[in-house]
Amino acid sequence: MVQSRFSFLVLLTFLCNARSQDFTAQLLKPGHECVRECKEGESPMFCHYKFTVELYQTLGAPCDLCHPDDKFTSKCPCILADGFERTLLAVNKMLPAPSIQVCAGDRIVVDVTNAMEGYDTTLHWHGLRQKNTQYFDGVPMITQCPISAGQTFRYQMITNEGTYFYHTHSGLQKFDGIEGSVIARLPRSQDGAAHLFDYDLPEHVVFVNDWMHTHIESKFPGLRTVI
Ligand SMILES: [Cu+2]
């Protein structure tokens, strides 16, 4: 019994120190520069994102203070949600969290800073295959140590084509706001669905998520009455 617990700790130590890919020697472009029309034969880009995860609120002061022209753009950290005031867990003060939009094959580097006092967190990249980057799959205590409050963890992976999303994999946090889209496009000539649309624009993202008027912890392990 004692022996198996020891083995478990050794395994975790190994995993927490592992690095299968390191893209940081490359020229990292800010993520917004990777949003582009994908072309055949183009070299992959190395796209850098900085995420800060923190406790935040809907209908906060920025909703009153931002210039009206900015209120519904990413320049204004106002989260309207469904018009109900509540606290949430937000990435870069956004709900949904920032959209990652790249061309398939691009390398993404995401520095995640946990600014949530009292919470651990991780990010899981739902649909990204993580071939040779399995240490960045974001499952706490399986593929990585959770990111403690005040710490930053760097995720690095190669994108595969498709429409996906990322979300926290710690506890039930994803219900409280930490989830955003990951879209890796193909050149139109290689896209089997190209005949179905005229435009595939970065701003045309529809994100559907669960949303409640309380923190998810208040529902755990379950209420007798459905609210
Ligand atoms: Cu998932």
# chains A, B, ... in the order shown; residues from 1 in each chain; ligands from 1

$ closest_atom_pairs --of "chain A" --to "ligand 1" --cutoff "9 Å" --atoms "only C-alpha atoms and all ligand atoms" --output "CSV"
residue,atom,partner,partner_atom_place_in_ligand_line,distance
A:His124,CA,ligand 1,1 (Cu),6.1
A:Trp125,CA,ligand 1,1 (Cu),6.5
A:His126,CA,ligand 1,1 (Cu),4.3
A:Gly127,CA,ligand 1,1 (Cu),7.5
A:Phe165,CA,ligand 1,1 (Cu),7.4
A:Tyr166,CA,ligand 1,1 (Cu),6.6
A:His167,CA,ligand 1,1 (Cu),6.3
A:Thr168,CA,ligand 1,1 (Cu),8.2
A:His169,CA,ligand 1,1 (Cu),7.4

$ residues_around --residues "Lys29 in chain A" --least-positions-apart "5" --cutoff "10 Å" --atoms "only C-alpha atoms" --output "list in words"
Cys34, Met45, Phe46, Cys47, His48, Tyr49, Ile108 and Val109 of chain A

$ write_last_selection --atoms "N, CA and C atoms" --output "PDB file, in the first residue's frame"
ATOM      1  N   CYS A  34      -2.485  35.804 -35.923  1.00  0.00           N
ATOM      2  CA  CYS A  34      -2.651  34.494 -36.561  1.00  0.00           C
ATOM      3  C   CYS A  34      -4.030  34.340 -37.186  1.00  0.00           C
ATOM      4  N   MET A  45       2.332  29.226 -38.334  1.00  0.00           N
ATOM      5  CA  MET A  45       2.734  30.337 -37.472  1.00  0.00           C
ATOM      6  C   MET A  45       2.805  29.855 -36.029  1.00  0.00           C
ATOM      7  N   PHE A  46       3.566  30.572 -35.227  1.00  0.00           N
ATOM      8  CA  PHE A  46       3.665  30.312 -33.787  1.00  0.00           C
ATOM      9  C   PHE A  46       2.900  31.423 -33.081  1.00  0.00           C
ATOM     10  N   CYS A  47       1.777  31.078 -32.484  1.00  0.00           N
ATOM     11  CA  CYS A  47       0.807  32.065 -32.009  1.00  0.00           C
ATOM     12  C   CYS A  47       0.797  32.089 -30.480  1.00  0.00           C
ATOM     13  N   HIS A  48       0.943  33.280 -29.934  1.00  0.00           N
ATOM     14  CA  HIS A  48       1.120  33.425 -28.486  1.00  0.00           C
ATOM     15  C   HIS A  48      -0.085  34.113 -27.861  1.00  0.00           C
ATOM     16  N   TYR A  49      -0.637  33.498 -26.821  1.00  0.00           N
ATOM     17  CA  TYR A  49      -1.802  34.045 -26.121  1.00  0.00           C
ATOM     18  C   TYR A  49      -1.454  34.164 -24.638  1.00  0.00           C
ATOM     19  N   ILE A 108       0.352  26.755 -31.121  1.00  0.00           N
ATOM     20  CA  ILE A 108      -0.131  27.767 -30.176  1.00  0.00           C
ATOM     21  C   ILE A 108       0.602  27.628 -28.842  1.00  0.00           C
ATOM     22  N   VAL A 109       0.928  28.766 -28.292  1.00  0.00           N
ATOM     23  CA  VAL A 109       1.582  28.866 -26.987  1.00  0.00           C
ATOM     24  C   VAL A 109       0.667  29.720 -26.127  1.00  0.00           C
TER      25      VAL A 109
END

$ select_by_dssp --residues "range 59-148 of chain A" --states "strand (DSSP E or B)" --output "list in words"
Thr87, Leu88, Leu89, Ala90, Val91, Met94, Ala97, Pro98, Ser99, Ile100, Gln101, Val102, Cys103, Arg107, Ile108, Val109, Val110, Asp111, Val112, Thr113, Asn114, Thr121, Leu123, His124, Trp125, His126, Pro140, Gln144 and Ile147 of chain A

$ residues_around --residues "Glu117 in chain A" --least-positions-apart "4" --cutoff "9 Å" --atoms "only C-alpha atoms" --output "list in words"
Glu54, Leu55, Ser148, Ala149 and Gly150 of chain A

$ closest_residue --among "A:Val35, A:Ile79, A:Val206, A:Ala97" --to "Ala184 in chain A" --atoms "only C-alpha atoms"
A:Val35

$ closest_residue --among "A:Cys103, A:Ala25, A:Ile147, A:Leu123" --to "Thr163 in chain A" --atoms "only C-alpha atoms"
A:Cys103
